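Q: File follows, entry-v4.pdb with PDB, C-alpha atoms:
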ATOM      1  CA  MET A   1      35.439  99.046 -57.465  1.00  0.00           C
ATOM      2  CA  ALA A   2      38.410  97.782 -55.486  1.00  0.00           C
ATOM      3  CA  LYS A   3      38.423  94.160 -54.410  1.00  0.00           C
ATOM      4  CA  THR A   4      39.254  92.934 -50.938  1.00  0.00           C
ATOM      5  CA  CYS A   5      41.053  89.754 -49.896  1.00  0.00           C
ATOM      6  CA  ALA A   6      38.651  86.982 -48.847  1.00  0.00           C
ATOM      7  CA  ASN A   7      40.936  86.156 -45.940  1.00  0.00           C
ATOM      8  CA  CYS A   8      42.462  89.267 -44.387  1.00  0.00           C
ATOM      9  CA  GLY A   9      40.113  91.880 -45.871  1.00  0.00           C
ATOM     10  CA  CYS A  10      42.889  94.138 -47.169  1.00  0.00           C
ATOM     11  CA  LYS A  11      42.296  96.024 -50.401  1.00  0.00           C
ATOM     12  CA  ILE A  12      43.758  94.356 -53.443  1.00  0.00           C
ATOM     13  CA  GLY A  13      45.508  96.765 -55.751  1.00  0.00           C
ATOM     14  CA  PHE A  14      45.946  96.749 -59.482  1.00  0.00           C
ATOM     15  CA  MET A  15      49.419  95.135 -59.334  1.00  0.00           C
ATOM     16  CA  SER A  16      48.592  92.426 -56.790  1.00  0.00           C
ATOM     17  CA  GLY A  17      45.833  89.978 -56.048  1.00  0.00           C
ATOM     18  CA  GLU A  18      45.758  88.252 -59.412  1.00  0.00           C
ATOM     19  CA  HIS A  19      45.082  85.006 -57.613  1.00  0.00           C
ATOM     20  CA  PHE A  20      41.716  83.426 -58.356  1.00  0.00           C
ATOM     21  CA  ASP A  21      40.365  86.580 -59.987  1.00  0.00           C
ATOM     22  CA  GLY A  22      41.254  88.825 -57.080  1.00  0.00           C
ATOM     23  CA  LEU A  23      40.009  86.517 -54.316  1.00  0.00           C
ATOM     24  CA  LEU A  24      43.264  86.602 -52.323  1.00  0.00           C
ATOM     25  CA  CYS A  25      46.034  89.108 -51.783  1.00  0.00           C
ATOM     26  CA  ASP A  26      49.629  88.006 -52.450  1.00  0.00           C
ATOM     27  CA  PRO A  27      50.586  87.351 -48.780  1.00  0.00           C
ATOM     28  CA  CYS A  28      47.466  85.227 -48.146  1.00  0.00           C
ATOM     29  CA  PHE A  29      47.941  83.290 -51.395  1.00  0.00           C
ATOM     30  CA  ILE A  30      51.506  82.430 -50.342  1.00  0.00           C
ATOM     31  CA  THR A  31      50.415  81.600 -46.764  1.00  0.00           C
ATOM     32  CA  PHE A  32      47.821  79.084 -47.949  1.00  0.00           C
ATOM     33  CA  GLY A  33      50.213  77.260 -50.251  1.00  0.00           C
ATOM     34  CA  GLY A  34      50.542  79.396 -53.354  1.00  0.00           C
ATOM     35  CA  ALA A  35      54.316  78.986 -53.286  1.00  0.00           C
ATOM     36  CA  GLY A  36      53.782  75.234 -53.477  1.00  0.00           C
ATOM     37  CA  LEU A  37      51.526  75.695 -56.518  1.00  0.00           C
ATOM     38  CA  ILE A  38      54.174  77.732 -58.265  1.00  0.00           C
ATOM     39  CA  GLN A  39      56.769  75.022 -57.500  1.00  0.00           C
ATOM     40  CA  LEU A  40      54.451  72.340 -58.975  1.00  0.00           C
ATOM     41  CA  ASP A  41      54.802  73.984 -62.382  1.00  0.00           C
ATOM     42  CA  THR A  42      58.541  73.314 -62.337  1.00  0.00           C
ATOM     43  CA  GLU A  43      58.439  69.733 -60.953  1.00  0.00           C
ATOM     44  CA  ASN A  44      55.523  68.206 -62.932  1.00  0.00           C
ATOM     45  CA  LYS A  45      55.209  65.161 -60.647  1.00  0.00           C
ATOM     46  CA  ALA A  46      51.798  63.620 -59.948  1.00  0.00           C
ATOM     47  CA  ASP A  47      52.603  62.712 -56.340  1.00  0.00           C
ATOM     48  CA  LYS A  48      53.568  66.329 -55.563  1.00  0.00           C
ATOM     49  CA  TYR A  49      50.183  67.530 -56.858  1.00  0.00           C
ATOM     50  CA  THR A  50      48.444  64.927 -54.696  1.00  0.00           C
ATOM     51  CA  GLU A  51      50.411  65.994 -51.606  1.00  0.00           C
ATOM     52  CA  CYS A  52      49.578  69.651 -52.250  1.00  0.00           C
ATOM     53  CA  TYR A  53      45.898  68.810 -52.834  1.00  0.00           C
ATOM     54  CA  GLU A  54      45.648  66.849 -49.585  1.00  0.00           C
ATOM     55  CA  ARG A  55      47.584  69.427 -47.538  1.00  0.00           C
ATOM     56  CA  ILE A  56      45.797  72.567 -48.739  1.00  0.00           C
ATOM     57  CA  ALA A  57      42.593  72.128 -46.681  1.00  0.00           C
ATOM     58  CA  THR A  58      44.517  71.711 -43.427  1.00  0.00           C
ATOM     59  CA  THR A  59      46.673  74.746 -44.209  1.00  0.00           C
ATOM     60  CA  ILE A  60      43.627  76.903 -44.944  1.00  0.00           C
ATOM     61  CA  ASP A  61      41.820  75.726 -41.787  1.00  0.00           C
ATOM     62  CA  GLU A  62      44.870  76.522 -39.649  1.00  0.00           C
ATOM     63  CA  GLN A  63      45.930  79.814 -41.274  1.00  0.00           C
ATOM     64  CA  ALA A  64      42.649  81.497 -42.243  1.00  0.00           C
ATOM     65  CA  THR A  65      41.202  84.319 -40.196  1.00  0.00           C
ATOM     66  CA  ALA A  66      37.937  83.819 -38.323  1.00  0.00           C
ATOM     67  CA  THR A  67      36.007  85.906 -40.863  1.00  0.00           C
ATOM     68  CA  ALA A  68      37.416  84.177 -43.964  1.00  0.00           C
ATOM     69  CA  ASP A  69      35.151  82.098 -46.181  1.00  0.00           C
ATOM     70  CA  LYS A  70      37.300  78.969 -46.058  1.00  0.00           C
ATOM     71  CA  ASP A  71      35.068  76.969 -48.396  1.00  0.00           C
ATOM     72  CA  ILE A  72      35.422  79.468 -51.248  1.00  0.00           C
ATOM     73  CA  ILE A  73      39.199  79.659 -50.758  1.00  0.00           C
ATOM     74  CA  LYS A  74      39.518  75.832 -50.709  1.00  0.00           C
ATOM     75  CA  ARG A  75      37.318  75.480 -53.786  1.00  0.00           C
ATOM     76  CA  GLU A  76      39.485  77.911 -55.766  1.00  0.00           C
ATOM     77  CA  PHE A  77      42.711  76.190 -54.722  1.00  0.00           C
ATOM     78  CA  TYR A  78      41.216  72.779 -55.578  1.00  0.00           C
ATOM     79  CA  LYS A  79      40.017  74.008 -58.962  1.00  0.00           C
ATOM     80  CA  HIS A  80      43.443  75.495 -59.704  1.00  0.00           C
ATOM     81  CA  ILE A  81      45.319  72.301 -58.716  1.00  0.00           C
ATOM     82  CA  ASP A  82      42.829  70.137 -60.628  1.00  0.00           C
ATOM     83  CA  ASN A  83      43.295  72.158 -63.838  1.00  0.00           C
ATOM     84  CA  LYS A  84      47.094  71.905 -63.587  1.00  0.00           C
ATOM     85  CA  PHE A  85      46.852  68.168 -62.863  1.00  0.00           C
ATOM     86  CA  LYS A  86      44.558  67.569 -65.859  1.00  0.00           C
ATOM     87  CA  ARG A  87      47.101  69.219 -68.143  1.00  0.00           C
ATOM     88  CA  LEU A  88      49.835  66.981 -66.738  1.00  0.00           C
ATOM     89  CA  MET A  89      48.037  63.632 -66.397  1.00  0.00           C
ATOM     90  CA  GLY A  90      44.957  63.888 -68.598  1.00  0.00           C
ATOM     91  CA  ILE A  91      42.537  63.144 -65.725  1.00  0.00           C
ATOM     92  CA  GLY A  92      41.260  65.093 -62.743  1.00  0.00           C
ATOM     93  CA  ILE A  93      43.082  64.820 -59.440  1.00  0.00           C
ATOM     94  CA  GLN A  94      40.038  63.373 -57.636  1.00  0.00           C
ATOM     95  CA  ASP A  95      39.862  60.587 -60.246  1.00  0.00           C
ATOM     96  CA  HIS A  96      43.589  59.979 -59.812  1.00  0.00           C
ATOM     97  CA  ILE A  97      43.304  59.836 -56.010  1.00  0.00           C
ATOM     98  CA  GLN A  98      40.402  57.389 -56.365  1.00  0.00           C
ATOM     99  CA  LYS A  99      42.397  55.215 -58.792  1.00  0.00           C
ATOM    100  CA  VAL A 100      45.317  55.087 -56.356  1.00  0.00           C
ATOM    101  CA  ALA A 101      42.982  54.213 -53.467  1.00  0.00           C
ATOM    102  CA  ASP A 102      41.314  51.480 -55.561  1.00  0.00           C
ATOM    103  CA  ALA A 103      44.715  50.034 -56.495  1.00  0.00           C
ATOM    104  CA  LYS A 104      45.742  49.968 -52.814  1.00  0.00           C
ATOM    105  CA  GLU A 105      42.447  48.274 -51.899  1.00  0.00           C
ATOM    106  CA  LYS A 106      42.935  45.624 -54.620  1.00  0.00           C
ATOM    107  CA  GLU A 107      46.472  44.951 -53.419  1.00  0.00           C
ATOM    108  CA  LEU A 108      45.204  44.606 -49.837  1.00  0.00           C
ATOM    109  CA  GLN A 109      42.573  42.123 -51.059  1.00  0.00           C
ATOM    110  CA  ARG A 110      45.291  40.126 -52.865  1.00  0.00           C
ATOM    111  CA  VAL A 111      47.438  40.038 -49.727  1.00  0.00           C
ATOM    112  CA  ASN A 112      44.491  38.955 -47.587  1.00  0.00           C
ATOM    113  CA  TYR A 113      43.606  36.274 -50.144  1.00  0.00           C
ATOM    114  CA  ALA A 114      47.185  34.960 -50.099  1.00  0.00           C
ATOM    115  CA  LYS A 115      47.168  34.928 -46.288  1.00  0.00           C
ATOM    116  CA  SER A 116      43.895  32.982 -46.285  1.00  0.00           C
ATOM    117  CA  PHE A 117      45.820  29.875 -47.398  1.00  0.00           C
ATOM    118  CA  ASN A 118      47.601  29.897 -44.029  1.00  0.00           C
ATOM    119  CA  GLU A 119      51.018  29.541 -45.640  1.00  0.00           C
ATOM    120  CA  PHE A 120      54.065  31.726 -46.103  1.00  0.00           C
ATOM    121  CA  TYR A 121      56.988  30.980 -48.388  1.00  0.00           C
ATOM    122  CA  GLU A 122      60.545  32.160 -48.637  1.00  0.00           C
ATOM    123  CA  TYR A 123      62.794  31.980 -51.669  1.00  0.00           C
ATOM    124  CA  ASP A 124      66.480  31.524 -52.334  1.00  0.00           C
ATOM    125  CA  VAL A 125      68.313  32.178 -55.605  1.00  0.00           C
ATOM    126  CA  VAL A 126      71.503  30.323 -56.539  1.00  0.00           C
ATOM    127  CA  THR A 127      73.489  30.864 -59.737  1.00  0.00           C
ATOM    128  CA  ILE A 128      75.977  28.467 -61.316  1.00  0.00           C
ATOM    129  CA  ILE A 129      78.364  29.703 -63.979  1.00  0.00           C
ATOM    130  CA  ASN A 130      78.789  27.123 -66.761  1.00  0.00           C
ATOM    131  CA  GLU A 131      82.148  25.672 -67.712  1.00  0.00           C
ATOM    132  CA  ASN A 132      84.346  27.617 -70.166  1.00  0.00           C
ATOM    133  CA  HIS A 133      83.326  25.299 -72.986  1.00  0.00           C
ATOM    134  CA  GLY A 134      79.614  25.985 -72.298  1.00  0.00           C
ATOM    135  CA  THR A 135      78.541  22.782 -70.506  1.00  0.00           C
ATOM    136  CA  VAL A 136      76.696  22.591 -67.219  1.00  0.00           C
ATOM    137  CA  ASP A 137      78.661  21.638 -64.098  1.00  0.00           C
ATOM    138  CA  LYS A 138      76.369  18.692 -63.287  1.00  0.00           C
ATOM    139  CA  GLU A 139      78.118  17.701 -60.058  1.00  0.00           C
ATOM    140  CA  LYS A 140      77.947  21.221 -58.643  1.00  0.00           C
ATOM    141  CA  MET A 141      74.257  21.401 -59.561  1.00  0.00           C
ATOM    142  CA  MET A 142      73.524  18.038 -57.875  1.00  0.00           C
ATOM    143  CA  LYS A 143      75.326  19.165 -54.709  1.00  0.00           C
ATOM    144  CA  ILE A 144      73.290  22.394 -54.561  1.00  0.00           C
ATOM    145  CA  LEU A 145      70.036  20.469 -55.127  1.00  0.00           C
ATOM    146  CA  SER A 146      70.825  17.922 -52.364  1.00  0.00           C
ATOM    147  CA  ASP A 147      72.013  20.583 -49.872  1.00  0.00           C
ATOM    148  CA  HIS A 148      68.863  22.618 -50.386  1.00  0.00           C
ATOM    149  CA  ALA A 149      66.593  19.564 -50.239  1.00  0.00           C
ATOM    150  CA  LYS A 150      68.089  18.594 -46.857  1.00  0.00           C
ATOM    151  CA  LYS A 151      67.106  22.032 -45.546  1.00  0.00           C
ATOM    152  CA  GLY A 152      63.499  21.759 -46.776  1.00  0.00           C
ATOM    153  CA  TRP A 153      63.873  23.698 -50.024  1.00  0.00           C
ATOM    154  CA  LYS A 154      62.317  22.561 -53.291  1.00  0.00           C
ATOM    155  CA  LEU A 155      63.336  23.734 -56.742  1.00  0.00           C
ATOM    156  CA  HIS A 156      60.676  26.202 -57.897  1.00  0.00           C
ATOM    157  CA  THR A 157      62.138  27.505 -61.172  1.00  0.00           C
ATOM    158  CA  MET A 158      65.320  27.166 -63.168  1.00  0.00           C
ATOM    159  CA  TYR A 159      66.509  29.014 -66.253  1.00  0.00           C
ATOM    160  CA  SER A 160      69.701  29.826 -68.138  1.00  0.00           C
ATOM    161  CA  ASN A 161      70.946  33.358 -68.528  1.00  0.00           C
ATOM    162  CA  GLU A 162      73.276  33.952 -71.484  1.00  0.00           C
ATOM    163  CA  LEU A 163      76.278  36.049 -70.484  1.00  0.00           C
ATOM    164  CA  GLY A 164      78.193  36.141 -73.771  1.00  0.00           C
ATOM    165  CA  LYS A 165      80.341  34.165 -76.208  1.00  0.00           C
ATOM    166  CA  ASN A 166      83.705  32.495 -75.595  1.00  0.00           C
ATOM    167  CA  ALA A 167      86.280  31.538 -78.214  1.00  0.00           C
ATOM    168  CA  LEU A 168      88.762  28.862 -77.093  1.00  0.00           C
ATOM    169  CA  MET A 169      91.661  27.034 -78.710  1.00  0.00           C
ATOM    170  CA  LEU A 170      91.667  23.286 -78.033  1.00  0.00           C
ATOM    171  CA  LEU A 171      94.384  21.144 -79.638  1.00  0.00           C
ATOM    172  CA  GLY A 172      94.962  23.813 -82.228  1.00  0.00           C
ATOM    173  CA  PHE A 173      91.285  24.076 -83.194  1.00  0.00           C
ATOM    174  CA  GLY A 174      89.087  27.075 -82.446  1.00  0.00           C
ATOM    175  CA  VAL A 175      85.955  26.341 -80.413  1.00  0.00           C
ATOM    176  CA  ASN A 176      83.136  28.788 -79.831  1.00  0.00           C
ATOM    177  CA  ALA A 177      80.925  28.378 -76.777  1.00  0.00           C
ATOM    178  CA  THR A 178      78.173  30.373 -75.176  1.00  0.00           C
ATOM    179  CA  ALA A 179      78.934  31.477 -71.619  1.00  0.00           C
ATOM    180  CA  CYS A 180      75.841  31.041 -69.471  1.00  0.00           C
ATOM    181  CA  GLU A 181      74.803  30.913 -65.886  1.00  0.00           C
ATOM    182  CA  ASP A 182      72.052  28.663 -64.599  1.00  0.00           C
ATOM    183  CA  VAL A 183      69.728  30.392 -62.158  1.00  0.00           C
ATOM    184  CA  MET A 184      67.981  28.167 -59.622  1.00  0.00           C
ATOM    185  CA  ILE A 185      65.112  29.529 -57.548  1.00  0.00           C
ATOM    186  CA  PHE A 186      64.216  27.502 -54.461  1.00  0.00           C
ATOM    187  CA  GLU A 187      61.072  27.753 -52.348  1.00  0.00           C
ATOM    188  CA  ARG A 188      60.076  26.514 -48.893  1.00  0.00           C
ATOM    189  CA  ARG A 189      57.183  27.086 -46.543  1.00  0.00           C
ATOM    190  CA  VAL A 190      58.295  29.003 -43.467  1.00  0.00           C
ATOM    191  CA  GLN A 191      55.203  29.560 -41.352  1.00  0.00           C
ATOM    192  CA  GLU A 192      51.754  28.204 -40.853  1.00  0.00           C
ATOM    193  CA  LEU A 193      49.130  30.541 -39.410  1.00  0.00           C
ATOM    194  CA  ASP A 194      46.856  29.351 -36.578  1.00  0.00           C
TER     195      ASP A 194
END
Please express the file's structure as structure tokens.

A:
Amino acid sequence: MAKTCANCGCKIGFMSGEHFDGLLCDPCFITFGGAGLIQLDTENKADKYTECYERIATTIDEQATATADKDIIKREFYKHIDNKFKRLMGIGIQDHIQKVADAKEKELQRVNYAKSFNEFYEYDVVTIINENHGTVDKEKMMKILSDHAKKGWKLHTMYSNELGKNALMLLGFGVNATACEDVMIFERRVQELD
């Protein structure tokens, strides 16, 4: 017995309508997003699957005929996308979407918690390249500290970043030194909430 497309009602022949066990004809499959499903196979990106999954229901609602069983068509598309996503990510797409939503909610809670202290901070990073012989330029560092302190900055963190090795000749003797830069991170409060 010949099958008919669940959307347009046309007869599905032997060479077409392989989509979802003969549920949709080729033109309807493409109209509802089948081309996007085919493209997913080549891209293998989780966010593309999520976009396709979220867009498919709207596309079916807008493009389906009045007599189409939209729920069956959506379910088959969802099942198809979910199977492809499981092969790629190891979990179902609904679980992935929930994980992403939970992560966003946790981040929002962290931001709200930080804002609850009624303080905002800004940061400034200053780097000082050490002398050729590897010592710190103490005077330059003191000037930077005093200039920043006058503007309300306090030193938050400081560390040395090794850039490489230097070999110098001083008075006929070879001297090896490590070339470094000192990184100074300053912090100051910029706003108080009412």

Q: In Å to one decimal, how far is CA of Lys99 in chain A from CA of Ile60 in chain A?

A: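 The value is 25.8 Å.
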
Q: Mind dumping a table of every range 72-181 of chain A residue within 12 Å of range 24-28 of chain A, with the nearest atom pair and its distance in Å to one decimal, using only C-alpha atoms, sorted by chain and rising number, as CSV?

A:
residue,atom,partner,partner_atom,distance
A:Ile72,CA,A:Leu24,CA,10.7
A:Ile73,CA,A:Leu24,CA,8.2
A:Lys74,CA,A:Leu24,CA,11.5
A:Glu76,CA,A:Leu24,CA,10.1
A:Phe77,CA,A:Leu24,CA,10.7

Q: Suppose a student applies the PyMOL selection byres ((chain A and resi 50-55) around 12) to this structure; what residues should they get, written as an mmCIF file with C-alpha atoms, in the coordinates of the input?

A:
data_model
loop_
_atom_site.group_PDB
_atom_site.id
_atom_site.type_symbol
_atom_site.label_atom_id
_atom_site.label_comp_id
_atom_site.auth_asym_id
_atom_site.auth_seq_id
_atom_site.Cartn_x
_atom_site.Cartn_y
_atom_site.Cartn_z
ATOM 1 C CA PHE A 32 47.821 79.084 -47.949
ATOM 2 C CA GLY A 33 50.213 77.260 -50.251
ATOM 3 C CA GLY A 34 50.542 79.396 -53.354
ATOM 4 C CA ALA A 35 54.316 78.986 -53.286
ATOM 5 C CA GLY A 36 53.782 75.234 -53.477
ATOM 6 C CA LEU A 37 51.526 75.695 -56.518
ATOM 7 C CA ILE A 38 54.174 77.732 -58.265
ATOM 8 C CA GLN A 39 56.769 75.022 -57.500
ATOM 9 C CA LEU A 40 54.451 72.340 -58.975
ATOM 10 C CA ASN A 44 55.523 68.206 -62.932
ATOM 11 C CA LYS A 45 55.209 65.161 -60.647
ATOM 12 C CA ALA A 46 51.798 63.620 -59.948
ATOM 13 C CA ASP A 47 52.603 62.712 -56.340
ATOM 14 C CA LYS A 48 53.568 66.329 -55.563
ATOM 15 C CA TYR A 49 50.183 67.530 -56.858
ATOM 16 C CA ILE A 56 45.797 72.567 -48.739
ATOM 17 C CA ALA A 57 42.593 72.128 -46.681
ATOM 18 C CA THR A 58 44.517 71.711 -43.427
ATOM 19 C CA THR A 59 46.673 74.746 -44.209
ATOM 20 C CA ILE A 60 43.627 76.903 -44.944
ATOM 21 C CA ASP A 61 41.820 75.726 -41.787
ATOM 22 C CA GLU A 62 44.870 76.522 -39.649
ATOM 23 C CA LYS A 74 39.518 75.832 -50.709
ATOM 24 C CA ARG A 75 37.318 75.480 -53.786
ATOM 25 C CA GLU A 76 39.485 77.911 -55.766
ATOM 26 C CA PHE A 77 42.711 76.190 -54.722
ATOM 27 C CA TYR A 78 41.216 72.779 -55.578
ATOM 28 C CA LYS A 79 40.017 74.008 -58.962
ATOM 29 C CA HIS A 80 43.443 75.495 -59.704
ATOM 30 C CA ILE A 81 45.319 72.301 -58.716
ATOM 31 C CA ASP A 82 42.829 70.137 -60.628
ATOM 32 C CA ASN A 83 43.295 72.158 -63.838
ATOM 33 C CA LYS A 84 47.094 71.905 -63.587
ATOM 34 C CA PHE A 85 46.852 68.168 -62.863
ATOM 35 C CA MET A 89 48.037 63.632 -66.397
ATOM 36 C CA GLY A 92 41.260 65.093 -62.743
ATOM 37 C CA ILE A 93 43.082 64.820 -59.440
ATOM 38 C CA GLN A 94 40.038 63.373 -57.636
ATOM 39 C CA ASP A 95 39.862 60.587 -60.246
ATOM 40 C CA HIS A 96 43.589 59.979 -59.812
ATOM 41 C CA ILE A 97 43.304 59.836 -56.010
ATOM 42 C CA GLN A 98 40.402 57.389 -56.365
ATOM 43 C CA VAL A 100 45.317 55.087 -56.356
#

Q: Going by the chain IDs and residue numbers used in this file, which residues fall under the PyMOL selection byres ((chain A and resi 128-144) around 6)? Write them as a list of chain:residue names.

A: A:Thr127, A:Leu145, A:Ser146, A:Asp147, A:Ala177, A:Thr178, A:Ala179, A:Cys180, A:Glu181, A:Asp182

Q: Run through the PyMOL selection byres ((chain A and resi 20-22) around 8) on the given coordinates and return the selected residues as a list in words.

A: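 Checked against the file, the PyMOL selection byres ((chain A and resi 20-22) around 8) matches Lys3, Thr4, Cys5, Ile12, Gly17, Glu18, His19, Leu23, Leu24, Cys25 and Glu76 of chain A.
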
Q: Find the smallest box with edges along x, y and z containing every listed atom of range 61-78 of chain A, then add 8 Å on each side and report centre and edge lengths in Å to one decimal, as lines of an AutoDock Vina configuration file.

A:
center_x = 40.5
center_y = 79.3
center_z = -47.0
size_x = 26.9
size_y = 29.1
size_z = 33.4

Q: Which is closer to Val125 in chain A than all the others in A:Val183, A:Leu163, A:Ile30, A:Val111, using all atoms listed in the file?

A: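 Looking only at the distances to Val125 in chain A, the closest residue turns out to be A:Val183.
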
Q: So the first atom is CA of Arg87 in chain A and the second is CA of Lys106 in chain A; what is the distance between them in Å, to one decimal place?

A: 27.5 Å

Q: Separation of CA of Ile91 in chain A and CA of Asp71 in chain A, in Å?

A: 23.4 Å
